[in-house]
Structures are given as C-alpha cells and as structure tokens.
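Source file entry.txt; content: compact mmCIF, C-alpha atoms.
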# COMPACT_ATOMS: atom_id res chain seq x y z
CA MET S 1 10.03 -29.73 -27.40
CA LEU S 2 11.02 -28.93 -30.99
CA GLY S 3 8.19 -29.78 -33.40
CA VAL S 4 5.83 -31.00 -30.66
CA PRO S 5 3.12 -28.47 -29.74
CA GLY S 6 2.42 -27.63 -26.12
CA GLU S 7 4.63 -27.05 -23.12
CA LYS S 8 6.00 -30.10 -21.35
CA PRO S 9 5.22 -30.44 -17.63
CA PRO S 10 8.13 -30.99 -15.21
CA PRO S 11 9.44 -34.58 -14.80
CA VAL S 12 7.91 -34.94 -11.34
CA LYS S 13 4.49 -35.03 -12.98
CA ASN S 14 5.37 -37.86 -15.37
CA ASP S 15 2.82 -40.68 -15.37
CA PRO S 16 3.94 -43.98 -16.95
CA ASN S 17 0.30 -44.84 -17.70
CA HIS S 18 -0.44 -41.47 -19.30
CA ARG S 19 2.75 -40.40 -21.04
CA TRP S 20 3.09 -36.85 -22.34
CA LYS S 21 2.15 -36.62 -26.03
CA ALA S 22 1.38 -40.34 -26.15
CA GLU S 23 -0.13 -39.94 -29.63
CA TYR S 24 3.38 -39.29 -31.00
CA ARG S 25 4.73 -42.53 -29.53
CA THR S 26 2.50 -45.08 -31.25
CA GLU S 27 3.46 -47.38 -34.10
CA GLN S 28 0.35 -46.22 -35.98
CA TRP S 29 1.50 -42.57 -35.91
CA LEU S 30 4.97 -43.57 -37.10
CA LYS S 31 3.57 -45.61 -40.01
CA GLU S 32 1.32 -42.72 -41.06
CA LYS S 33 4.30 -40.38 -41.22
CA THR S 34 6.70 -42.77 -42.96
CA SER S 35 4.11 -43.97 -45.50
CA ALA S 36 3.81 -40.40 -46.78
CA LEU S 37 7.55 -40.19 -47.50
CA ALA S 38 8.82 -40.92 -51.00
CA VAL S 39 11.59 -43.52 -51.18
CA PRO S 40 14.42 -42.05 -53.27
CA GLU S 41 15.51 -44.07 -56.27
CA LEU S 42 18.90 -45.78 -55.86
CA LYS S 43 21.17 -44.68 -58.69
CA TYR S 44 24.69 -45.91 -59.43
CA GLU S 45 26.67 -43.06 -60.96
CA ALA S 46 30.31 -42.18 -61.45
CA VAL S 47 31.74 -39.47 -59.19
CA ASP S 48 33.58 -36.76 -61.07
CA ASP S 49 37.13 -35.88 -60.00
CA LEU S 50 37.27 -38.61 -57.34
CA ASP S 51 40.82 -39.52 -58.39
CA ASP S 52 41.94 -35.99 -59.25
CA GLU S 53 44.43 -35.12 -56.53
CA THR S 54 44.81 -31.51 -57.61
CA SER S 55 41.18 -30.77 -58.45
CA GLY S 56 40.18 -27.39 -57.13
CA SER S 57 43.54 -26.60 -55.48
CA ALA S 58 45.32 -25.18 -58.51
CA ALA S 59 42.31 -23.16 -59.59
CA ALA S 60 41.86 -21.68 -56.10
CA SER S 61 45.43 -20.34 -56.04
CA ASP S 62 44.69 -18.10 -59.05
CA ILE S 63 41.76 -16.29 -57.37
CA SER S 64 42.41 -12.81 -56.04
CA ASP S 65 41.84 -11.84 -52.41
CA GLU S 66 38.89 -9.66 -53.41
CA GLU S 67 37.27 -12.52 -55.30
CA GLN S 68 37.82 -14.93 -52.40
CA GLU S 69 36.22 -12.44 -50.00
CA LYS S 70 33.28 -12.09 -52.38
CA GLN S 71 32.87 -15.88 -52.50
CA PHE S 72 33.12 -16.11 -48.70
CA LEU S 73 30.40 -13.49 -48.20
CA ALA S 74 28.20 -15.27 -50.72
CA LEU S 75 28.76 -18.52 -48.78
CA LEU S 76 27.72 -16.79 -45.54
CA ASP S 77 24.54 -15.55 -47.22
CA GLU S 78 23.77 -19.06 -48.42
CA VAL S 79 24.32 -20.56 -44.95
CA THR S 80 22.15 -17.82 -43.42
CA GLU S 81 19.40 -18.66 -45.89
CA LEU S 82 19.62 -22.33 -44.91
CA GLY S 83 19.39 -21.36 -41.25
CA GLY S 84 16.30 -19.30 -41.97
CA LYS S 85 14.51 -22.43 -43.14
CA LEU S 86 14.57 -23.92 -39.63
CA PRO S 87 11.28 -23.86 -37.72
CA ALA S 88 10.67 -20.64 -35.84
CA THR S 89 10.32 -22.66 -32.62
CA ALA S 90 13.92 -23.96 -32.78
CA GLN S 91 15.70 -23.52 -29.47
CA PRO S 92 18.68 -25.10 -27.66
CA LEU S 93 17.84 -28.04 -25.40
CA ASP S 94 19.60 -29.56 -22.43
CA PHE S 95 19.98 -33.33 -22.70
CA GLU S 96 18.15 -35.01 -19.82
CA LYS S 97 18.20 -38.81 -19.81
CA ASP S 98 16.14 -39.24 -16.62
CA ASP S 99 13.01 -37.56 -17.98
CA ASP S 100 11.24 -40.43 -19.72
CA ASP S 101 8.69 -38.14 -21.38
CA ASN S 102 10.98 -35.65 -23.14
CA PHE S 103 11.73 -37.85 -26.21
CA HIS S 104 15.51 -37.47 -25.68
CA ILE S 105 16.32 -41.13 -25.03
CA ASP S 106 13.60 -42.15 -27.51
CA PHE S 107 15.35 -40.21 -30.27
CA VAL S 108 18.86 -41.40 -29.36
CA ALA S 109 17.69 -45.03 -29.21
CA ALA S 110 15.86 -44.77 -32.57
CA ALA S 111 18.76 -43.04 -34.36
CA ALA S 112 21.40 -45.37 -32.91
CA ASN S 113 19.44 -48.52 -33.76
CA LEU S 114 18.74 -47.34 -37.32
CA ARG S 115 22.46 -46.85 -37.88
CA ALA S 116 23.23 -50.18 -36.22
CA ARG S 117 20.85 -51.98 -38.59
CA ASN S 118 22.55 -50.38 -41.60
CA TYR S 119 25.83 -52.06 -40.57
CA ARG S 120 24.36 -55.29 -39.17
CA ILE S 121 25.31 -54.32 -35.60
CA ALA S 122 23.24 -55.72 -32.75
CA THR S 123 20.56 -53.25 -31.65
CA LYS S 124 19.90 -52.18 -28.05
CA ASP S 125 16.64 -51.63 -26.21
CA ARG S 126 15.68 -48.26 -24.75
CA LEU S 127 16.89 -49.08 -21.23
CA ALA S 128 20.32 -50.17 -22.46
CA VAL S 129 20.65 -46.95 -24.50
CA LYS S 130 19.66 -44.91 -21.44
CA MET S 131 22.34 -46.62 -19.31
CA VAL S 132 25.05 -45.98 -21.92
CA ALA S 133 23.98 -42.35 -22.38
CA GLY S 134 24.28 -41.81 -18.65
CA LYS S 135 27.94 -42.82 -18.69
CA ILE S 136 28.98 -40.33 -21.38
CA ILE S 137 30.88 -37.34 -20.00
CA PRO S 138 29.78 -34.18 -21.84
CA ALA S 139 32.48 -32.63 -24.02
CA ILE S 140 32.01 -28.87 -23.69
CA ALA S 141 35.29 -27.40 -24.97
CA THR S 142 37.28 -30.51 -25.83
CA THR S 143 38.55 -32.21 -28.95
CA THR S 144 35.22 -33.98 -29.40
CA ALA S 145 33.35 -30.68 -29.59
CA ALA S 146 35.91 -29.19 -31.98
CA VAL S 147 35.81 -32.20 -34.31
CA THR S 148 32.01 -32.14 -34.28
CA GLY S 149 32.02 -28.47 -35.28
CA ILE S 150 34.42 -29.04 -38.16
CA ALA S 151 32.39 -32.06 -39.34
CA LEU S 152 29.23 -29.93 -39.37
CA MET S 153 31.01 -27.36 -41.52
CA GLU S 154 31.53 -30.08 -44.11
CA LEU S 155 27.90 -31.18 -43.69
CA PHE S 156 26.80 -27.68 -44.72
CA LYS S 157 28.58 -28.32 -48.04
CA VAL S 158 26.51 -31.47 -48.50
CA LEU S 159 23.31 -29.55 -47.78
CA GLN S 160 24.39 -26.95 -50.33
CA GLY S 161 24.90 -29.60 -53.00
CA LYS S 162 28.64 -29.01 -53.34
CA GLU S 163 30.87 -31.35 -55.35
CA VAL S 164 32.88 -34.09 -53.64
CA SER S 165 36.06 -32.20 -54.58
CA ASP S 166 34.93 -29.32 -52.31
CA LEU S 167 35.07 -31.48 -49.18
CA ARG S 168 38.12 -31.18 -46.94
CA ASN S 169 39.92 -33.16 -44.27
CA GLY S 170 40.82 -31.37 -41.06
CA MET S 171 43.66 -31.40 -38.55
CA ILE S 172 43.44 -29.58 -35.23
CA ASP S 173 45.86 -28.81 -32.39
CA LEU S 174 43.94 -27.40 -29.43
CA GLY S 175 47.15 -26.78 -27.49
CA ALA S 176 48.49 -24.41 -30.14
CA ASN S 177 45.01 -23.33 -31.33
CA ILE S 178 45.77 -24.43 -34.90
CA TYR S 179 43.05 -25.54 -37.31
CA THR S 180 44.19 -26.79 -40.72
CA MET S 181 41.89 -27.84 -43.59
CA PHE S 182 43.32 -29.66 -46.60
CA ASP S 183 42.32 -31.71 -49.65
CA ARG S 184 41.51 -35.31 -48.87
CA ASP S 185 43.92 -37.92 -50.17
CA PRO S 186 42.82 -39.61 -53.39
CA PRO S 187 41.86 -43.29 -53.06
CA LYS S 188 44.67 -45.74 -53.64
CA LYS S 189 44.67 -47.11 -57.17
CA ILE S 190 45.04 -50.83 -57.74
CA LYS S 191 46.86 -51.41 -61.04
CA SER S 192 48.13 -54.35 -63.04
CA TYR S 193 51.71 -55.22 -62.17
CA VAL S 194 54.35 -57.93 -62.43
CA LYS S 195 54.91 -59.92 -59.25
CA LYS S 196 58.56 -60.88 -58.86
CA THR S 197 59.72 -63.76 -56.65
CA TYR S 198 63.44 -64.33 -56.17
CA ASP S 199 64.80 -67.85 -55.53
CA PRO S 200 68.28 -67.55 -53.97
CA GLU S 201 69.10 -71.25 -54.50
CA SER S 202 68.75 -71.05 -58.27
CA ASP S 203 69.52 -67.32 -58.45
CA TYR S 204 66.40 -66.91 -60.56
CA THR S 205 63.64 -64.31 -60.37
CA MET S 206 60.22 -65.57 -61.40
CA GLU S 207 57.90 -62.95 -62.91
CA GLU S 208 54.12 -63.40 -62.71
CA PRO S 209 51.78 -60.82 -64.28
CA ILE S 210 48.87 -59.75 -62.04
CA VAL S 211 45.91 -58.20 -63.88
CA ALA S 212 43.66 -55.58 -62.25
CA PHE S 213 40.00 -55.59 -63.28
CA PRO S 214 39.34 -52.89 -64.24
CA ASN S 215 42.81 -51.45 -64.63
CA PRO S 216 43.18 -49.33 -62.58
CA HIS S 217 40.47 -49.35 -59.89
CA THR S 218 39.99 -48.25 -56.29
CA ASN S 219 38.16 -49.60 -53.25
CA TYR S 220 35.16 -47.57 -54.41
CA THR S 221 34.93 -49.42 -57.73
CA LYS S 222 32.18 -52.05 -57.82
CA HIS S 223 31.09 -54.85 -60.14
CA VAL S 224 27.34 -55.16 -59.52
CA VAL S 225 25.67 -58.46 -60.43
CA ASP S 226 21.88 -58.75 -60.20
CA VAL S 227 20.65 -61.96 -58.54
CA THR S 228 17.46 -63.41 -57.12
CA ALA S 229 16.78 -66.17 -54.61
CA ALA S 230 16.65 -68.62 -57.53
CA THR S 231 19.94 -67.58 -59.17
CA THR S 232 22.34 -70.53 -59.16
CA ILE S 233 26.10 -70.33 -58.78
CA ALA S 234 26.41 -71.36 -62.43
CA GLU S 235 24.21 -68.44 -63.52
CA PHE S 236 26.12 -66.02 -61.30
CA VAL S 237 29.44 -67.19 -62.76
CA ASP S 238 28.15 -66.74 -66.33
CA ALA S 239 26.85 -63.23 -65.54
CA LEU S 240 30.14 -62.18 -63.94
CA GLN S 241 32.28 -63.63 -66.72
CA ALA S 242 30.16 -61.79 -69.29
CA LYS S 243 31.31 -58.50 -67.73
CA THR S 244 34.94 -59.37 -68.57
CA GLU S 245 34.61 -59.73 -72.34
CA ASP S 246 36.27 -56.38 -73.11
CA ALA S 247 38.69 -56.38 -70.17
CA GLU S 248 42.47 -56.44 -70.40
CA GLU S 249 43.50 -60.04 -71.26
CA GLY S 250 39.78 -60.86 -71.20
CA PRO S 251 37.52 -62.69 -71.06
CA TYR S 252 38.24 -63.99 -67.56
CA GLU S 253 37.32 -67.29 -65.97
CA VAL S 254 35.98 -67.63 -62.45
CA VAL S 255 38.04 -70.43 -60.89
CA ALA S 256 36.79 -70.36 -57.29
CA ILE S 257 34.33 -68.62 -54.97
CA GLY S 258 34.73 -68.34 -51.21
CA VAL S 259 32.70 -66.83 -48.39
CA GLY S 260 33.45 -66.64 -44.69
CA LYS S 261 36.26 -69.04 -43.84
CA GLY S 262 35.57 -71.69 -46.47
CA MET S 263 35.22 -72.51 -50.14
CA LEU S 264 31.78 -72.08 -51.68
CA TRP S 265 32.66 -73.46 -55.12
CA ASN S 266 35.94 -74.93 -56.38
CA GLY S 267 35.56 -74.01 -60.04
CA MET S 268 34.42 -77.46 -61.19
CA PRO S 269 31.00 -78.02 -62.83
CA SER S 270 30.79 -81.30 -60.94
CA HIS S 271 30.84 -79.53 -57.56
CA ALA S 272 27.69 -80.07 -55.48
CA HIS S 273 26.97 -76.33 -55.22
CA TYR S 274 27.32 -75.51 -58.93
CA LYS S 275 23.62 -75.87 -59.73
CA GLN S 276 22.41 -74.74 -56.30
CA PRO S 277 20.94 -71.27 -55.49
CA LEU S 278 23.79 -68.89 -54.70
CA LEU S 279 22.10 -67.05 -51.82
CA LYS S 280 21.07 -70.29 -50.14
CA CYS S 281 24.64 -71.63 -50.37
CA ILE S 282 26.11 -68.43 -48.93
CA ALA S 283 23.82 -68.50 -45.89
CA GLU S 284 24.45 -72.19 -45.24
CA GLN S 285 28.21 -71.69 -45.60
CA LEU S 286 27.95 -69.03 -42.88
CA GLU S 287 25.80 -71.39 -40.78
CA GLN S 288 22.80 -69.07 -40.99
CA ASP S 289 19.14 -69.66 -41.75
CA PRO S 290 18.72 -68.44 -45.38
CA ALA S 291 15.29 -66.88 -44.82
CA LYS S 292 16.45 -64.86 -41.80
CA PHE S 293 19.88 -64.03 -43.19
CA TRP S 294 18.58 -62.49 -46.43
CA ALA S 295 15.49 -60.83 -44.97
CA GLY S 296 15.74 -57.11 -45.70
CA ARG S 297 19.12 -57.33 -47.46
CA ARG S 298 19.46 -55.63 -50.82
CA LEU S 299 23.24 -55.73 -51.32
CA TYR S 300 25.98 -58.19 -50.37
CA HIS S 301 29.71 -57.70 -50.98
CA ARG S 302 31.57 -60.31 -48.95
CA LEU S 303 32.19 -62.83 -51.70
CA ALA S 304 35.82 -63.74 -52.44
CA VAL S 305 36.04 -64.49 -56.16
CA ASN S 306 39.22 -65.88 -57.76
CA MET S 307 39.61 -65.23 -61.49
CA GLU S 308 42.14 -65.98 -64.22
CA SER S 309 42.73 -64.10 -67.45
CA ALA S 310 42.61 -65.69 -70.90
CA GLU S 311 46.41 -65.97 -70.68
CA GLY S 312 46.25 -67.78 -67.34
CA ASN S 313 47.32 -64.86 -65.16
CA GLU S 314 45.82 -64.02 -61.77
CA VAL S 315 43.14 -61.32 -61.79
CA LEU S 316 42.50 -58.79 -59.00
CA PRO S 317 38.85 -57.78 -59.43
CA ALA S 318 37.21 -54.76 -57.83
CA THR S 319 34.63 -55.45 -55.13
CA ILE S 320 31.89 -57.71 -56.43
CA VAL S 321 28.44 -56.72 -55.15
CA LEU S 322 25.33 -58.84 -55.33
CA ARG S 323 22.23 -56.71 -55.93
CA ILE S 324 19.36 -58.82 -54.63
CA ASN S 325 16.07 -58.47 -56.48
CA ALA S 326 12.74 -59.89 -55.33
How does the structure come out when it is put into structure tokens?
Amino acid sequence: MLGVPGEKPPPVKNDPNHRWKAEYRTEQWLKEKTSALAVPELKYEAVDDLDDETSGSAAASDISDEEQEKQFLALLDEVTELGGKLPATAQPLDFEKDDDDNFHIDFVAAAANLRARNYRIATKDRLAVKMVAGKIIPAIATTTAAVTGIALMELFKVLQGKEVSDLRNGMIDLGANIYTMFDRDPPKKIKSYVKKTYDPESDYTMEEPIVAFPNPHTNYTKHVVDVTAATTIAEFVDALQAKTEDAEEGPYEVVAIGVGKGMLWNGMPSHAHYKQPLLKCIAEQLEQDPAKFWAGRRLYHRLAVNMESAEGNEVLPATIVLRINA
C-alpha cells in the first residue's frame, strides 16, 4: 500500500475486529495530520489574458522547428523531474472493492464525499460508495481512458505553474485515431446594449438601454460584498450601491432582491425584511433553518439583485457574491 509501511496480508485473513493498520483509520490520527497543514490564504486576483482569444497562438507560430523541439525536450525534463519527486515505493495497484482493509473504498468514499460537500451534494456512506464502485465497468482502452489521459496532461501544466493561457481544450476521434488540442474559447462578454421591441400595431420600435455592470463583464466577474450574521438587508443594499459610484450611468439603485422562487425585498424601506438580518431572511425564504443552512458556508452567490441606473435604465450586474465573515 502506497505510503503505508508493511506488507498487507491477503483478504482471507481480514478481521473486522482487528483491521489492518487500524492506527491509520482513527479520527485522532486524521486530526493530527490535518492540524499540521497550513490553510492557504484565499486571494481574489485578476487573471491575465483570460479574455485574450489570440494569446499565445500568434507568438507560437513565429517559433522555429528547432526552438519548438528545444522547448519540448525542456518540458520532458521538467516532467521527469516532477516524476522523480514521487515516493520510491510508488507502484501500480489493482482496484479491489471487496477487500475492506486495503483502503481503496475508504479513499474513494473520502474523496467523493469531500467533493460532494464542496458543491452541496448529498454525501454517501462507505457501503453505498462500495455498491456504486462495484457497478462501474473498467475503461481500459476506451474514450474514458483517453479523456483521462489528456486531462492529466493539462494537470501537469497546473503542477508546473503554467499560465491559464497555456491550457488547451481537446477533441479526440478514436475511430480515426485523431487527437486535436486547441485554445479554449474565451468567456462570453456581457456588454451594455439597446433592447429593441417592435410593436406591429403602431409600427413603432421601442428602444430601451440595458447597462452592464461592469461593462463589459463575463460569468467569471464577481462583485464581492462582505457580510456577517448581523448584516441587515439595508446595510447590504448600501454596501452594494457604494460599489456603483463610478460605474457607467452610476450610481445605481437596488430596486429588488430575490432568492429561490420568491421576493426577498421589494425595494421599499417599509418592507418587513428591510431592517432584518440578510442571512436569516435568505434561509427562511428557502425554508431552511438559518443555523444549519449557514454552518460552514463562506460564500453565497444565489441572490437575484435588480438594479436601475441613475437614468432609470435596467442594469445587468455581474454575479454578486456574499463573503460571510464570523
């Protein structure tokens, strides 16, 4: 077993009351290991060249064949160096779900549940994971294996600290044995525009300016607003409106806030929620217990916020994210 000293006995000698390497299966051991890990600081930074459709492509076409070969060999050396950092005991393993002492199902269950928690997906117990794993047909030389290999090639770039512009999309055709790598499409830009509505009865076209905030922006653009459990809707509205002072046709006015399938606030100071804590109102609107709903959450982005510009035009804001502070 990789990273676990000692040779594992065959499955027939498994003892549920004396599991192999039981000391590595306790909550105490896990806490000792995780407590020694440093939590990386969360930083919000701009990504260079995210919207540059031609970044890297034009420059690459000017490189000679000799220079490209030199770069390729240097890349191989770098990957080889990364591989040399693996433990000397690394070896291929055969997945065996029916051996309860080999850590295979333990690892799959832990990794799957960690990812599920990140996306608020219901977790599964170890037995349920084992049953699902037993129904998966291994993909030896199929599309799944090919896609996995190409994805790992891109992961090497991440490990090497490459720029986002160095990442590639892939297209494969196993029937023709064709593998094509190409630049990923840039994110769609949301820009200010004029909405035109034609009325055939009056033969009149009504024009309504729509303002993007910021102009332009993409689905990756975020407006982050810091809140606490005590932050009221009124305070949140003031904080968000303050971010629009220098915007096009700014400042903007928040005229409504929705969450789920209903209205959270109708834009009127007389509304019952206006002076109430924002997080509490969101949970209750979703018919959730506030304490349980917000436990462990640090970010929330499912608010629907309607805004108007200083000239009374509709505003299309980028995603508004609540950053929840203790």
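A straight line drawn from atom CA of S:Tyr220 to atom CA of S:Arg297 is 20.0 Å long.
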Residue neighbourhood stretch 106-121 of chain S, 10 Å, only C-alpha atoms, exclusion window fewer than 4 positions, as a ChimeraX atom specification: /S:25,97,100-102,125-130,133,297
Mind checking which residues fall within 10 Å of S:Thr143, counting only C-alpha atoms, ignoring those fewer than 6 positions away in the same chain, and posting them as a list in words?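 Non-adjacent residues within range: Gly149, Ile172, Asp173 and Leu174 of chain S.
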Create the file for the chosen residues now, containing C-alpha atoms and written as a JSON list (two decimals), in the coordinates of the input.
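Output file part15.json follows:
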[["chain", "number", "residue", "atom", "x", "y", "z"],
["S", 149, "GLY", "CA", 32.02, -28.47, -35.28],
["S", 172, "ILE", "CA", 43.44, -29.58, -35.23],
["S", 173, "ASP", "CA", 45.86, -28.81, -32.39],
["S", 174, "LEU", "CA", 43.94, -27.40, -29.43]]
Point out the residue among S:Leu167, S:Ile190, S:Ile105, S:Leu30 with the least atom-to-atom distance to S:Phe213, counting only C-alpha atoms. S:Ile190
Can you list, as a PyMOL selection string, every protein, DNA or RNA residue that comes within 12 Å of stretch 275-289 of chain S when you count only C-alpha atoms, leaving out same-chain residues fewer than 2 positions away? chain S and resi 226-237+257-265+268-273+291-295+297-304+322-325
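With all atoms listed in the file taken into account, the protein and nucleic acid residues at most 12 Å from S:Asn215 (excluding it and anything under 2 positions from it in its own chain) are Lys189, Ile190, Lys191, Ser192, Tyr193, Ile210, Val211, Ala212, Phe213, His217, Thr218, Thr221, Thr244, Asp246, Ala247, Glu248, Glu249, Gly250, Val315, Leu316, Pro317 and Ala318 of chain S.
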As a list in words, please: the residues near S:Phe182 (cut-off 8 Å, all atoms listed in the file, same-chain neighbours under 6 positions excluded). Arg168, Asn169 and Gly170 of chain S
To one decimal place, how far is atom CA of S:Glu201 from atom CA of S:Glu314 in Å?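 Straight-line distance from atom CA of S:Glu201 to atom CA of S:Glu314 works out to 25.4 Å.
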Between atom CA of S:Val224 and atom CA of S:Leu155, what is the distance, to one decimal in Å?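 Atom CA of S:Leu155 lies at a distance of 28.7 Å from atom CA of S:Val224.
You can rank S:Asn14, S:Thr80, S:Thr180, S:Thr319 by their closest distance to S:Ile150 using only C-alpha atoms, and at the top of that list sits S:Thr180.
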Would you be able to write out as a PDB file with C-alpha atoms, in the frame of the given file which residues have an atom within 10 Å of (39.5, -66.2, -76.2) in the file's coordinates, counting only C-alpha atoms?
ATOM      1  CA  GLU S 245      34.610 -59.730 -72.340  1.00  0.00           C
ATOM      2  CA  GLU S 249      43.500 -60.040 -71.260  1.00  0.00           C
ATOM      3  CA  GLY S 250      39.780 -60.860 -71.200  1.00  0.00           C
ATOM      4  CA  PRO S 251      37.520 -62.690 -71.060  1.00  0.00           C
ATOM      5  CA  TYR S 252      38.240 -63.990 -67.560  1.00  0.00           C
ATOM      6  CA  SER S 309      42.730 -64.100 -67.450  1.00  0.00           C
ATOM      7  CA  ALA S 310      42.610 -65.690 -70.900  1.00  0.00           C
ATOM      8  CA  GLU S 311      46.410 -65.970 -70.680  1.00  0.00           C
TER       9      GLU S 311
END
Find the axis-aligned box for stretch 123-133 of chain S, covering all its listed atoms and adding 8 Å on each side, and write its centre and edge lengths in Å to one decimal as AutoDock Vina command-line options.
--center_x 20.4 --center_y -47.8 --center_z -25.5 --size_x 25.4 --size_y 26.9 --size_z 28.3
Which residue, S:Leu152, S:Val225, S:Lys8, S:Glu81, has the smallest gap to S:Phe103 when you use all atoms listed in the file?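 Of all the options, S:Lys8 lies closest to S:Phe103.
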